[in-house]
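*Asks:* Contents of data_9.cif (mmCIF, C-alpha atoms) are given next:
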data_query
loop_
_atom_site.group_PDB
_atom_site.id
_atom_site.type_symbol
_atom_site.label_atom_id
_atom_site.label_comp_id
_atom_site.auth_asym_id
_atom_site.auth_seq_id
_atom_site.Cartn_x
_atom_site.Cartn_y
_atom_site.Cartn_z
ATOM 1 C CA MET A 1 -12.674 -12.151 -25.422
ATOM 2 C CA LYS A 2 -12.726 -8.526 -24.343
ATOM 3 C CA VAL A 3 -12.369 -6.954 -20.935
ATOM 4 C CA HIS A 4 -13.284 -3.505 -19.758
ATOM 5 C CA ASN A 5 -10.929 -2.144 -17.145
ATOM 6 C CA VAL A 6 -11.705 1.270 -15.741
ATOM 7 C CA CYS A 7 -9.220 4.064 -15.218
ATOM 8 C CA ALA A 8 -11.660 6.546 -13.704
ATOM 9 C CA LYS A 9 -14.979 6.277 -12.003
ATOM 10 C CA PRO A 10 -18.168 8.221 -11.318
ATOM 11 C CA THR A 11 -18.423 10.800 -8.608
ATOM 12 C CA ASP A 12 -22.224 10.873 -8.537
ATOM 13 C CA PHE A 13 -23.768 7.453 -8.073
ATOM 14 C CA LEU A 14 -26.812 7.507 -10.324
ATOM 15 C CA PRO A 15 -29.820 5.182 -10.077
ATOM 16 C CA LEU A 16 -28.820 3.395 -13.248
ATOM 17 C CA GLU A 17 -32.150 1.652 -13.603
ATOM 18 C CA ARG A 18 -33.645 5.059 -14.423
ATOM 19 C CA ILE A 19 -31.232 5.903 -17.235
ATOM 20 C CA PRO A 20 -33.139 6.823 -20.404
ATOM 21 C CA MET A 21 -33.410 4.103 -23.013
ATOM 22 C CA GLU A 22 -31.501 6.118 -25.661
ATOM 23 C CA TYR A 23 -28.316 4.748 -24.142
ATOM 24 C CA SER A 24 -27.167 1.342 -25.292
ATOM 25 C CA ALA A 25 -26.851 -1.708 -23.081
ATOM 26 C CA ASP A 26 -23.051 -1.374 -23.285
ATOM 27 C CA ASP A 27 -23.216 2.206 -22.016
ATOM 28 C CA ILE A 28 -25.379 1.189 -19.070
ATOM 29 C CA ALA A 29 -23.151 -1.799 -18.242
ATOM 30 C CA ALA A 30 -20.068 0.409 -18.387
ATOM 31 C CA ALA A 31 -21.656 2.972 -16.064
ATOM 32 C CA LYS A 32 -22.526 0.238 -13.586
ATOM 33 C CA SER A 33 -18.918 -0.954 -13.741
ATOM 34 C CA LEU A 34 -17.744 2.568 -13.005
ATOM 35 C CA GLN A 35 -19.949 2.760 -9.939
ATOM 36 C CA LEU A 36 -18.776 -0.623 -8.697
ATOM 37 C CA GLU A 37 -15.148 0.363 -9.199
ATOM 38 C CA ALA A 38 -15.705 3.549 -7.203
ATOM 39 C CA TYR A 39 -17.219 1.595 -4.314
ATOM 40 C CA LEU A 40 -14.431 -0.970 -4.329
ATOM 41 C CA TYR A 41 -11.624 1.587 -4.396
ATOM 42 C CA THR A 42 -13.239 3.458 -1.537
ATOM 43 C CA LEU A 43 -13.425 0.177 0.377
ATOM 44 C CA ILE A 44 -9.757 -0.559 -0.312
ATOM 45 C CA ALA A 45 -8.724 2.912 0.840
ATOM 46 C CA THR A 46 -10.725 2.466 4.043
ATOM 47 C CA PHE A 47 -9.201 -0.948 4.664
ATOM 48 C CA TRP A 48 -5.665 0.375 4.137
ATOM 49 C CA ALA A 49 -6.266 3.292 6.509
ATOM 50 C CA TYR A 50 -7.716 0.914 9.118
ATOM 51 C CA ASP A 51 -4.686 -1.362 8.889
ATOM 52 C CA TYR A 52 -2.346 1.594 9.241
ATOM 53 C CA VAL A 53 -4.127 2.823 12.365
ATOM 54 C CA CYS A 54 -4.128 -0.659 13.916
ATOM 55 C CA SER A 55 -0.375 -1.097 13.414
ATOM 56 C CA LEU A 56 0.587 2.513 14.165
ATOM 57 C CA ASN A 57 2.032 1.818 17.616
ATOM 58 C CA GLU A 58 4.155 -1.140 16.504
ATOM 59 C CA GLU A 59 5.259 0.682 13.393
ATOM 60 C CA TRP A 60 6.414 3.830 15.165
ATOM 61 C CA THR A 61 8.238 1.728 17.743
ATOM 62 C CA PHE A 62 10.080 0.022 14.920
ATOM 63 C CA LEU A 63 10.865 3.265 13.078
ATOM 64 C CA ILE A 64 12.171 5.016 16.189
ATOM 65 C CA GLN A 65 14.103 2.200 17.849
ATOM 66 C CA SER A 66 15.518 0.259 14.894
ATOM 67 C CA ARG A 67 18.819 1.217 13.341
ATOM 68 C CA TRP A 68 18.927 2.623 9.830
ATOM 69 C CA THR A 69 19.584 -0.063 7.231
ATOM 70 C CA LYS A 70 18.745 -0.669 3.610
ATOM 71 C CA VAL A 71 15.955 -2.991 4.704
ATOM 72 C CA LYS A 72 14.472 -0.255 6.874
ATOM 73 C CA GLY A 73 14.518 2.059 3.869
ATOM 74 C CA LEU A 74 12.818 -0.661 1.835
ATOM 75 C CA TYR A 75 10.184 -0.957 4.565
ATOM 76 C CA ILE A 76 9.416 2.771 4.419
ATOM 77 C CA ILE A 77 9.095 2.685 0.630
ATOM 78 C CA THR A 78 6.874 -0.396 0.777
ATOM 79 C CA ARG A 79 4.654 1.366 3.294
ATOM 80 C CA CYS A 80 4.443 4.686 1.402
ATOM 81 C CA VAL A 81 3.974 3.614 -2.223
ATOM 82 C CA PRO A 82 0.442 2.213 -1.650
ATOM 83 C CA PHE A 83 -0.568 5.634 -0.323
ATOM 84 C CA CYS A 84 0.519 7.128 -3.660
ATOM 85 C CA LEU A 85 -1.443 4.436 -5.487
ATOM 86 C CA ILE A 86 -4.530 5.098 -3.383
ATOM 87 C CA THR A 87 -4.258 8.837 -4.032
ATOM 88 C CA THR A 88 -4.002 8.262 -7.785
ATOM 89 C CA ASN A 89 -6.974 5.896 -7.858
ATOM 90 C CA LEU A 90 -9.160 8.154 -5.746
ATOM 91 C CA TYR A 91 -8.255 11.036 -8.035
ATOM 92 C CA LEU A 92 -9.435 8.928 -10.956
ATOM 93 C CA ASN A 93 -12.632 8.191 -9.065
ATOM 94 C CA SER A 94 -13.530 11.757 -8.202
ATOM 95 C CA THR A 95 -12.225 13.930 -11.061
ATOM 96 C CA PRO A 96 -14.010 14.460 -14.403
ATOM 97 C CA ASN A 97 -11.753 12.865 -16.945
ATOM 98 C CA GLU A 98 -13.052 13.555 -20.432
ATOM 99 C CA ASN A 99 -9.613 13.768 -22.036
ATOM 100 C CA PRO A 100 -8.405 10.305 -23.187
ATOM 101 C CA ASN A 101 -4.764 11.437 -23.125
ATOM 102 C CA LYS A 102 -5.109 12.489 -19.494
ATOM 103 C CA CYS A 103 -6.735 9.167 -18.759
ATOM 104 C CA ARG A 104 -3.861 7.266 -20.361
ATOM 105 C CA ILE A 105 -1.294 9.268 -18.364
ATOM 106 C CA LEU A 106 -3.083 8.538 -15.102
ATOM 107 C CA ILE A 107 -3.245 4.847 -15.951
ATOM 108 C CA ASP A 108 0.516 4.896 -16.587
ATOM 109 C CA VAL A 109 1.163 6.590 -13.240
ATOM 110 C CA SER A 110 -1.036 4.100 -11.415
ATOM 111 C CA SER A 111 0.693 1.181 -13.149
ATOM 112 C CA CYS A 112 4.120 2.515 -12.151
ATOM 113 C CA PHE A 113 3.095 2.732 -8.502
ATOM 114 C CA SER A 114 1.639 -0.774 -8.711
ATOM 115 C CA LEU A 115 4.856 -2.276 -10.071
ATOM 116 C CA MET A 116 6.936 -0.383 -7.503
ATOM 117 C CA SER A 117 4.786 -1.694 -4.671
ATOM 118 C CA ILE A 118 4.906 -5.292 -5.926
ATOM 119 C CA THR A 119 8.694 -5.106 -6.320
ATOM 120 C CA CYS A 120 9.205 -3.834 -2.779
ATOM 121 C CA SER A 121 6.779 -6.322 -1.249
ATOM 122 C CA GLU A 122 8.244 -9.320 -3.046
ATOM 123 C CA SER A 123 11.737 -8.182 -2.032
ATOM 124 C CA PHE A 124 10.814 -8.804 1.602
ATOM 125 C CA PHE A 125 9.783 -12.365 0.789
ATOM 126 C CA VAL A 126 13.050 -12.828 -1.107
ATOM 127 C CA LEU A 127 15.043 -11.601 1.892
ATOM 128 C CA ARG A 128 13.110 -13.832 4.274
ATOM 129 C CA THR A 129 13.779 -16.858 2.063
ATOM 130 C CA TYR A 130 17.436 -15.827 1.884
ATOM 131 C CA ALA A 131 17.612 -15.777 5.705
ATOM 132 C CA LEU A 132 15.891 -19.155 6.002
ATOM 133 C CA TRP A 133 18.464 -20.664 3.634
ATOM 134 C CA ASN A 134 21.419 -19.586 5.804
ATOM 135 C CA ASN A 135 22.206 -16.488 3.724
ATOM 136 C CA ASN A 136 22.943 -18.493 0.591
ATOM 137 C CA LYS A 137 24.391 -15.933 -1.842
ATOM 138 C CA VAL A 138 23.790 -18.071 -4.929
ATOM 139 C CA LEU A 139 20.140 -18.493 -4.012
ATOM 140 C CA LEU A 140 19.804 -14.755 -3.351
ATOM 141 C CA VAL A 141 21.183 -13.901 -6.802
ATOM 142 C CA ALA A 142 18.857 -16.453 -8.410
ATOM 143 C CA MET A 143 15.780 -15.095 -6.610
ATOM 144 C CA LEU A 144 16.620 -11.453 -7.353
ATOM 145 C CA SER A 145 17.270 -12.319 -10.997
ATOM 146 C CA ALA A 146 13.909 -14.067 -11.238
ATOM 147 C CA LEU A 147 12.160 -11.132 -9.577
ATOM 148 C CA PHE A 148 13.887 -8.669 -11.904
ATOM 149 C CA ALA A 149 12.879 -10.701 -14.957
ATOM 150 C CA ALA A 150 9.260 -10.950 -13.767
ATOM 151 C CA ILE A 151 8.987 -7.220 -13.029
ATOM 152 C CA VAL A 152 10.598 -6.132 -16.302
ATOM 153 C CA SER A 153 8.412 -8.524 -18.286
ATOM 154 C CA SER A 154 5.327 -7.269 -16.449
ATOM 155 C CA PHE A 155 6.340 -3.675 -17.161
ATOM 156 C CA VAL A 156 6.700 -4.351 -20.884
ATOM 157 C CA ILE A 157 3.449 -6.326 -21.107
ATOM 158 C CA CYS A 158 1.457 -3.839 -19.053
ATOM 159 C CA PHE A 159 2.540 -0.682 -20.853
ATOM 160 C CA THR A 160 2.319 -2.317 -24.259
ATOM 161 C CA ALA A 161 -1.276 -3.318 -23.497
ATOM 162 C CA ILE A 162 -2.115 0.166 -22.227
ATOM 163 C CA ALA A 163 -0.552 1.828 -25.282
ATOM 164 C CA THR A 164 -2.588 -0.302 -27.680
ATOM 165 C CA ALA A 165 -5.802 -0.217 -25.636
ATOM 166 C CA TYR A 166 -8.797 1.773 -26.841
ATOM 167 C CA LEU A 167 -9.809 4.560 -24.466
ATOM 168 C CA THR A 168 -13.206 6.231 -24.488
ATOM 169 C CA THR A 169 -15.142 8.447 -22.120
ATOM 170 C CA SER A 170 -18.511 7.573 -20.640
ATOM 171 C CA ALA A 171 -21.549 8.582 -22.687
ATOM 172 C CA ILE A 172 -23.892 8.812 -19.689
ATOM 173 C CA PRO A 173 -24.141 12.123 -17.816
ATOM 174 C CA GLY A 174 -22.977 11.958 -14.226
ATOM 175 C CA THR A 175 -20.446 9.198 -14.889
ATOM 176 C CA THR A 176 -16.971 10.635 -15.236
ATOM 177 C CA GLY A 177 -13.892 8.911 -16.547
ATOM 178 C CA CYS A 178 -12.802 6.651 -19.349
ATOM 179 C CA PHE A 179 -12.530 3.005 -20.260
ATOM 180 C CA ARG A 180 -9.633 0.812 -21.236
ATOM 181 C CA THR A 181 -10.444 -2.054 -23.600
ATOM 182 C CA SER A 182 -7.971 -4.802 -24.423
ATOM 183 C CA GLY A 183 -7.593 -8.544 -24.534
ATOM 184 C CA SER A 184 -7.840 -10.219 -21.158
ATOM 185 C CA VAL A 185 -4.737 -12.354 -21.844
ATOM 186 C CA GLN A 186 -2.529 -9.269 -22.004
ATOM 187 C CA PHE A 187 -3.539 -7.975 -18.590
ATOM 188 C CA SER A 188 -3.428 -11.471 -17.069
ATOM 189 C CA MET A 189 0.147 -12.311 -18.046
ATOM 190 C CA PRO A 190 1.855 -10.170 -15.330
ATOM 191 C CA PHE A 191 -0.124 -12.064 -12.694
ATOM 192 C CA LEU A 192 0.917 -15.372 -14.226
ATOM 193 C CA LEU A 193 4.550 -14.295 -13.916
ATOM 194 C CA MET A 194 4.051 -13.235 -10.304
ATOM 195 C CA PHE A 195 2.249 -16.517 -9.603
ATOM 196 C CA LEU A 196 5.211 -18.505 -10.911
ATOM 197 C CA PHE A 197 7.637 -16.394 -8.897
ATOM 198 C CA ALA A 198 5.567 -16.786 -5.729
ATOM 199 C CA LEU A 199 5.318 -20.534 -6.386
ATOM 200 C CA GLY A 200 9.108 -20.705 -6.461
ATOM 201 C CA LEU A 201 9.390 -18.906 -3.103
ATOM 202 C CA VAL A 202 6.722 -21.143 -1.565
ATOM 203 C CA SER A 203 8.562 -24.230 -2.792
ATOM 204 C CA LEU A 204 11.880 -23.061 -1.350
ATOM 205 C CA THR A 205 10.279 -22.238 1.988
ATOM 206 C CA LEU A 206 8.457 -25.578 2.123
ATOM 207 C CA ILE A 207 11.683 -27.440 1.407
ATOM 208 C CA ARG A 208 13.378 -25.640 4.268
ATOM 209 C CA ALA A 209 10.429 -26.168 6.606
ATOM 210 C CA LEU A 210 10.151 -29.894 5.825
ATOM 211 C CA LYS A 211 13.881 -30.314 6.345
ATOM 212 C CA SER A 212 13.572 -28.753 9.811
ATOM 213 C CA TRP A 213 10.519 -30.902 10.550
ATOM 214 C CA ARG A 214 12.362 -34.112 9.702
ATOM 215 C CA MET A 215 15.337 -33.129 11.846
ATOM 216 C CA THR A 216 13.350 -32.096 14.938
ATOM 217 C CA LYS A 217 10.181 -34.222 14.630
ATOM 218 C CA GLY A 218 8.190 -31.240 15.906
ATOM 219 C CA HIS A 219 4.669 -30.166 15.044
ATOM 220 C CA LEU A 220 4.464 -29.436 11.330
ATOM 221 C CA HIS A 221 1.982 -26.585 11.749
ATOM 222 C CA ALA A 222 4.265 -24.816 14.255
ATOM 223 C CA ILE A 223 7.231 -25.189 11.928
ATOM 224 C CA LEU A 224 5.269 -23.779 8.975
ATOM 225 C CA VAL A 225 4.238 -20.798 11.104
ATOM 226 C CA LYS A 226 7.859 -20.254 12.143
ATOM 227 C CA HIS A 227 8.819 -20.172 8.470
ATOM 228 C CA ASN A 228 6.044 -17.657 7.636
ATOM 229 C CA ILE A 229 4.653 -19.995 4.976
ATOM 230 C CA PHE A 230 1.140 -18.575 5.222
ATOM 231 C CA TYR A 231 2.349 -15.119 4.168
ATOM 232 C CA TYR A 232 3.776 -16.694 1.025
ATOM 233 C CA VAL A 233 0.683 -18.785 0.274
ATOM 234 C CA CYS A 234 -1.630 -15.782 0.542
ATOM 235 C CA GLY A 235 0.329 -13.915 -2.145
ATOM 236 C CA LEU A 236 0.378 -17.043 -4.297
ATOM 237 C CA LEU A 237 -3.408 -17.456 -4.133
ATOM 238 C CA LEU A 238 -4.071 -13.794 -4.961
ATOM 239 C CA SER A 239 -1.840 -13.977 -8.033
ATOM 240 C CA GLY A 240 -3.624 -17.115 -9.157
ATOM 241 C CA LEU A 241 -7.046 -15.494 -8.752
ATOM 242 C CA ASN A 242 -6.009 -12.374 -10.641
ATOM 243 C CA PHE A 243 -4.799 -14.569 -13.495
ATOM 244 C CA LEU A 244 -7.876 -16.809 -13.651
ATOM 245 C CA VAL A 245 -10.740 -14.350 -13.143
ATOM 246 C CA PRO A 246 -10.283 -12.339 -16.369
ATOM 247 C CA MET A 247 -9.750 -15.579 -18.282
ATOM 248 C CA LEU A 248 -13.037 -17.024 -17.018
ATOM 249 C CA PHE A 249 -15.297 -13.982 -17.325
ATOM 250 C CA SER A 250 -15.864 -12.100 -20.576
ATOM 251 C CA ASP A 251 -16.720 -8.790 -18.918
ATOM 252 C CA TYR A 252 -13.996 -8.309 -16.346
ATOM 253 C CA ALA A 253 -14.729 -5.025 -14.632
ATOM 254 C CA TYR A 254 -12.879 -5.711 -11.422
ATOM 255 C CA HIS A 255 -9.585 -3.928 -12.036
ATOM 256 C CA SER A 256 -9.671 -2.841 -8.399
ATOM 257 C CA PHE A 257 -9.168 -6.471 -7.342
ATOM 258 C CA GLU A 258 -5.731 -6.271 -8.954
ATOM 259 C CA ASP A 259 -4.913 -3.329 -6.707
ATOM 260 C CA PHE A 260 -6.362 -5.246 -3.774
ATOM 261 C CA GLN A 261 -3.609 -7.824 -4.244
ATOM 262 C CA ILE A 262 -1.011 -5.048 -4.280
ATOM 263 C CA PHE A 263 -2.265 -3.637 -0.980
ATOM 264 C CA ILE A 264 -2.496 -7.082 0.629
ATOM 265 C CA LEU A 265 1.059 -7.949 -0.444
ATOM 266 C CA ALA A 266 2.345 -4.696 1.050
ATOM 267 C CA ILE A 267 0.495 -5.397 4.309
ATOM 268 C CA LEU A 268 1.784 -8.974 4.468
ATOM 269 C CA ALA A 269 5.383 -7.969 3.775
ATOM 270 C CA THR A 270 5.479 -5.129 6.291
ATOM 271 C CA ARG A 271 3.576 -7.078 8.958
ATOM 272 C CA MET A 272 5.971 -9.997 8.556
ATOM 273 C CA HIS A 273 8.968 -7.710 8.957
ATOM 274 C CA LEU A 274 7.464 -6.009 12.014
ATOM 275 C CA HIS A 275 6.748 -9.409 13.539
ATOM 276 C CA LEU A 276 10.327 -10.591 12.986
ATOM 277 C CA TRP A 277 11.781 -7.348 14.307
ATOM 278 C CA HIS A 278 9.761 -7.523 17.527
ATOM 279 C CA ILE A 279 10.841 -11.138 18.027
ATOM 280 C CA ASP A 280 14.402 -9.974 17.463
ATOM 281 C CA GLN A 281 13.989 -7.353 20.195
ATOM 282 C CA HIS A 282 12.663 -10.008 22.565
ATOM 283 C CA VAL A 283 15.568 -12.311 21.733
ATOM 284 C CA HIS A 284 18.114 -9.564 22.399
ATOM 285 C CA SER A 285 16.428 -8.694 25.663
ATOM 286 C CA SER A 286 16.833 -12.365 26.668
ATOM 287 C CA ASP A 287 20.567 -12.260 25.825
ATOM 288 C CA ALA A 288 20.185 -14.707 22.934
ATOM 289 C CA SER A 289 23.185 -15.204 20.715
ATOM 290 C CA MET A 290 21.540 -15.164 17.299
ATOM 291 C CA CYS A 291 18.984 -12.812 15.729
ATOM 292 C CA ILE A 292 16.127 -13.622 13.399
ATOM 293 C CA SER A 293 15.467 -10.175 11.985
ATOM 294 C CA MET A 294 15.802 -9.756 8.252
ATOM 295 C CA SER A 295 17.286 -6.341 8.999
ATOM 296 C CA ASP A 296 20.408 -8.135 10.236
ATOM 297 C CA MET A 297 20.258 -10.737 7.486
ATOM 298 C CA CYS A 298 21.037 -13.612 9.773
ATOM 299 C CA GLU A 299 19.410 -16.913 10.550
ATOM 300 C CA SER A 300 16.601 -17.197 13.021
ATOM 301 C CA PRO A 301 17.220 -19.129 16.217
ATOM 302 C CA ALA A 302 13.805 -20.588 15.547
ATOM 303 C CA ASP A 303 15.292 -22.151 12.433
ATOM 304 C CA HIS A 304 17.648 -24.099 14.653
ATOM 305 C CA ALA A 305 14.961 -25.010 17.158
ATOM 306 C CA VAL A 306 12.348 -26.345 14.766
#
If you convert what's in this file into structure tokens, what do you get?
*Replies:*
Amino acid sequence: MKVHNVCAKPTDFLPLERIPMEYSADDIAAAKSLQLEAYLYTLIATFWAYDYVCSLNEEWTFLIQSRWTKVKGLYIITRCVPFCLITTNLYLNSTPNENPNKCRILIDVSSCFSLMSITCSESFFVLRTYALWNNNKVLLVAMLSALFAAIVSSFVICFTAIATAYLTTSAIPGTTGCFRTSGSVQFSMPFLLMFLFALGLVSLTLIRALKSWRMTKGHLHAILVKHNIFYYVCGLLLSGLNFLVPMLFSDYAYHSFEDFQIFILAILATRMHLHLWHIDQHVHSSDASMCISMSDMCESPADHAV
């Protein structure tokens, strides 16, 4: 089974139904995929900009008032890398790209930004799980080791697939860019690894949440919310979809959906950290004795209460 993932897209959206018949059905289908990719990437860029504007006030409050820590630096990187990925993808969308070597280089750059963003985002979920488990050092080492193994394996699989993929430029005038053709299994494996890693984090968080529920006999839904389980589950579902879709469909032209997961993970991770930091500020203002911010790497008072 073959998939066609696009590394650059058309700048002029042609009425493809009017394309002369001298072009093959594959050429027309590829051009349509290019147009769809361009629309989707534009939509993702708009969504990311909208999210940034909506959280601008909270974010600047956090950046100005919080103390400088390694986690704050991680937050800034997690927030900035998707902008680099968006810039690269939009460049692929809008620039004529008739040189296959240039196309391959841009794919490599985009893949590097993608892996960087996933690593930073998942690190926040690792740190949150670490805090929920009373700063268990052994668990932290195990989670970081698993994340490192998943990222390195994804790096090797991704760049091996790109290096062996066949690249060609579009044959239809007005459609710029090139195509990447490879087996769907190769490009699905990194998402399988991330799915397994996310499943491990979800399991650890559920164990902790159920333990608190049994001890306090509180409302299960409230306890799950306190443990941020829905942030974890969202990342798990996206990884599962990105693994299954190319396996189920022979013509998988939705490479942008992979990047959609990357942007959503970055939003979830940074929003979760902002939420915890603002709760931490409220706790300190109430003269509480324990913090729940991951920046301080200590246990949440909510973890004792629920």
*Asks:* With 4 Å of padding per side, what axis-aligned box (centre and edge lengths, Å, one decimal) covers all the listed atoms of region 139-143 of chain A? Give it as AutoDock Vina command-line options.
*Replies:*
--center_x 18.5 --center_y -16.2 --center_z -5.9 --size_x 13.4 --size_y 12.6 --size_z 13.1
*Asks:* What is the CA of Tyr91 (chain A)-CA of Leu106 (chain A) distance in Å, reported with one decimal?
*Replies:*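 Those two atoms sit 9.1 Å apart.
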*Asks:* Given the PyMOL selection byres ((chain A and resi 262) around 12) and the file above, list the residues it selects as an mmCIF file with C-alpha atoms, in the coordinates of the input.
*Replies:*
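The resulting out19.cif:
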data_model
loop_
_atom_site.group_PDB
_atom_site.id
_atom_site.type_symbol
_atom_site.label_atom_id
_atom_site.label_comp_id
_atom_site.auth_asym_id
_atom_site.auth_seq_id
_atom_site.Cartn_x
_atom_site.Cartn_y
_atom_site.Cartn_z
ATOM 1 C CA ILE A 44 -9.757 -0.559 -0.312
ATOM 2 C CA TRP A 48 -5.665 0.375 4.137
ATOM 3 C CA THR A 78 6.874 -0.396 0.777
ATOM 4 C CA ARG A 79 4.654 1.366 3.294
ATOM 5 C CA VAL A 81 3.974 3.614 -2.223
ATOM 6 C CA PRO A 82 0.442 2.213 -1.650
ATOM 7 C CA PHE A 83 -0.568 5.634 -0.323
ATOM 8 C CA LEU A 85 -1.443 4.436 -5.487
ATOM 9 C CA ILE A 86 -4.530 5.098 -3.383
ATOM 10 C CA SER A 110 -1.036 4.100 -11.415
ATOM 11 C CA SER A 111 0.693 1.181 -13.149
ATOM 12 C CA PHE A 113 3.095 2.732 -8.502
ATOM 13 C CA SER A 114 1.639 -0.774 -8.711
ATOM 14 C CA LEU A 115 4.856 -2.276 -10.071
ATOM 15 C CA MET A 116 6.936 -0.383 -7.503
ATOM 16 C CA SER A 117 4.786 -1.694 -4.671
ATOM 17 C CA ILE A 118 4.906 -5.292 -5.926
ATOM 18 C CA THR A 119 8.694 -5.106 -6.320
ATOM 19 C CA CYS A 120 9.205 -3.834 -2.779
ATOM 20 C CA SER A 121 6.779 -6.322 -1.249
ATOM 21 C CA GLU A 122 8.244 -9.320 -3.046
ATOM 22 C CA PHE A 191 -0.124 -12.064 -12.694
ATOM 23 C CA MET A 194 4.051 -13.235 -10.304
ATOM 24 C CA CYS A 234 -1.630 -15.782 0.542
ATOM 25 C CA GLY A 235 0.329 -13.915 -2.145
ATOM 26 C CA LEU A 238 -4.071 -13.794 -4.961
ATOM 27 C CA SER A 239 -1.840 -13.977 -8.033
ATOM 28 C CA ASN A 242 -6.009 -12.374 -10.641
ATOM 29 C CA HIS A 255 -9.585 -3.928 -12.036
ATOM 30 C CA SER A 256 -9.671 -2.841 -8.399
ATOM 31 C CA PHE A 257 -9.168 -6.471 -7.342
ATOM 32 C CA GLU A 258 -5.731 -6.271 -8.954
ATOM 33 C CA ASP A 259 -4.913 -3.329 -6.707
ATOM 34 C CA PHE A 260 -6.362 -5.246 -3.774
ATOM 35 C CA GLN A 261 -3.609 -7.824 -4.244
ATOM 36 C CA PHE A 263 -2.265 -3.637 -0.980
ATOM 37 C CA ILE A 264 -2.496 -7.082 0.629
ATOM 38 C CA LEU A 265 1.059 -7.949 -0.444
ATOM 39 C CA ALA A 266 2.345 -4.696 1.050
ATOM 40 C CA ILE A 267 0.495 -5.397 4.309
ATOM 41 C CA LEU A 268 1.784 -8.974 4.468
ATOM 42 C CA ALA A 269 5.383 -7.969 3.775
#
*Asks:* Work out how far CA of Leu206 (chain A) is from CA of Asn136 (chain A), in Å to one decimal.
*Replies:*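 Spanning CA of Asn136 (chain A) to CA of Leu206 (chain A) is a straight-line distance of 16.2 Å.
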*Asks:* Take the PyMOL selection byres ((chain A and resi 65-70) around 12), run it mentally on this structure, and tell me the resulting residues as JSON, numbers by chain.
*Replies:* {"A": [58, 59, 60, 61, 62, 63, 64, 71, 72, 73, 74, 75, 76, 77, 120, 123, 124, 127, 273, 274, 277, 278, 280, 281, 293, 294, 295, 296, 297]}
*Asks:* Please rebuild region 204-214 of chain A with N, CA, C and O atoms and give the result as a PDB file, in the coordinates of the input.
*Replies:*
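Heads up, here's the output in out-v6.pdb:
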ATOM      1  N   LEU A 204      10.630 -23.165  -2.105  1.00  0.00           N
ATOM      2  CA  LEU A 204      11.880 -23.061  -1.350  1.00  0.00           C
ATOM      3  C   LEU A 204      11.620 -23.052   0.151  1.00  0.00           C
ATOM      4  O   LEU A 204      12.343 -23.691   0.925  1.00  0.00           O
ATOM      5  N   THR A 205      10.600 -22.312   0.558  1.00  0.00           N
ATOM      6  CA  THR A 205      10.279 -22.238   1.988  1.00  0.00           C
ATOM      7  C   THR A 205       9.768 -23.569   2.508  1.00  0.00           C
ATOM      8  O   THR A 205      10.112 -23.989   3.628  1.00  0.00           O
ATOM      9  N   LEU A 206       8.953 -24.261   1.717  1.00  0.00           N
ATOM     10  CA  LEU A 206       8.457 -25.578   2.123  1.00  0.00           C
ATOM     11  C   LEU A 206       9.599 -26.584   2.253  1.00  0.00           C
ATOM     12  O   LEU A 206       9.620 -27.402   3.186  1.00  0.00           O
ATOM     13  N   ILE A 207      10.533 -26.533   1.334  1.00  0.00           N
ATOM     14  CA  ILE A 207      11.683 -27.440   1.407  1.00  0.00           C
ATOM     15  C   ILE A 207      12.449 -27.231   2.707  1.00  0.00           C
ATOM     16  O   ILE A 207      12.816 -28.182   3.402  1.00  0.00           O
ATOM     17  N   ARG A 208      12.657 -25.952   3.039  1.00  0.00           N
ATOM     18  CA  ARG A 208      13.378 -25.640   4.268  1.00  0.00           C
ATOM     19  C   ARG A 208      12.580 -26.060   5.506  1.00  0.00           C
ATOM     20  O   ARG A 208      13.142 -26.593   6.476  1.00  0.00           O
ATOM     21  N   ALA A 209      11.270 -25.814   5.461  1.00  0.00           N
ATOM     22  CA  ALA A 209      10.429 -26.168   6.606  1.00  0.00           C
ATOM     23  C   ALA A 209      10.368 -27.679   6.796  1.00  0.00           C
ATOM     24  O   ALA A 209      10.457 -28.180   7.930  1.00  0.00           O
ATOM     25  N   LEU A 210      10.214 -28.433   5.717  1.00  0.00           N
ATOM     26  CA  LEU A 210      10.151 -29.894   5.825  1.00  0.00           C
ATOM     27  C   LEU A 210      11.480 -30.483   6.293  1.00  0.00           C
ATOM     28  O   LEU A 210      11.505 -31.479   7.036  1.00  0.00           O
ATOM     29  N   LYS A 211      12.568 -29.861   5.875  1.00  0.00           N
ATOM     30  CA  LYS A 211      13.881 -30.314   6.345  1.00  0.00           C
ATOM     31  C   LYS A 211      13.997 -30.140   7.861  1.00  0.00           C
ATOM     32  O   LYS A 211      14.485 -31.033   8.568  1.00  0.00           O
ATOM     33  N   SER A 212      13.542 -28.992   8.363  1.00  0.00           N
ATOM     34  CA  SER A 212      13.572 -28.753   9.811  1.00  0.00           C
ATOM     35  C   SER A 212      12.637 -29.704  10.538  1.00  0.00           C
ATOM     36  O   SER A 212      12.939 -30.191  11.637  1.00  0.00           O
ATOM     37  N   TRP A 213      11.489 -29.992   9.935  1.00  0.00           N
ATOM     38  CA  TRP A 213      10.519 -30.902  10.550  1.00  0.00           C
ATOM     39  C   TRP A 213      11.086 -32.320  10.679  1.00  0.00           C
ATOM     40  O   TRP A 213      10.912 -32.981  11.706  1.00  0.00           O
ATOM     41  N   ARG A 214      11.780 -32.779   9.659  1.00  0.00           N
ATOM     42  CA  ARG A 214      12.362 -34.112   9.702  1.00  0.00           C
ATOM     43  C   ARG A 214      13.486 -34.200  10.725  1.00  0.00           C
ATOM     44  O   ARG A 214      13.682 -35.246  11.357  1.00  0.00           O
TER      45      ARG A 214
END
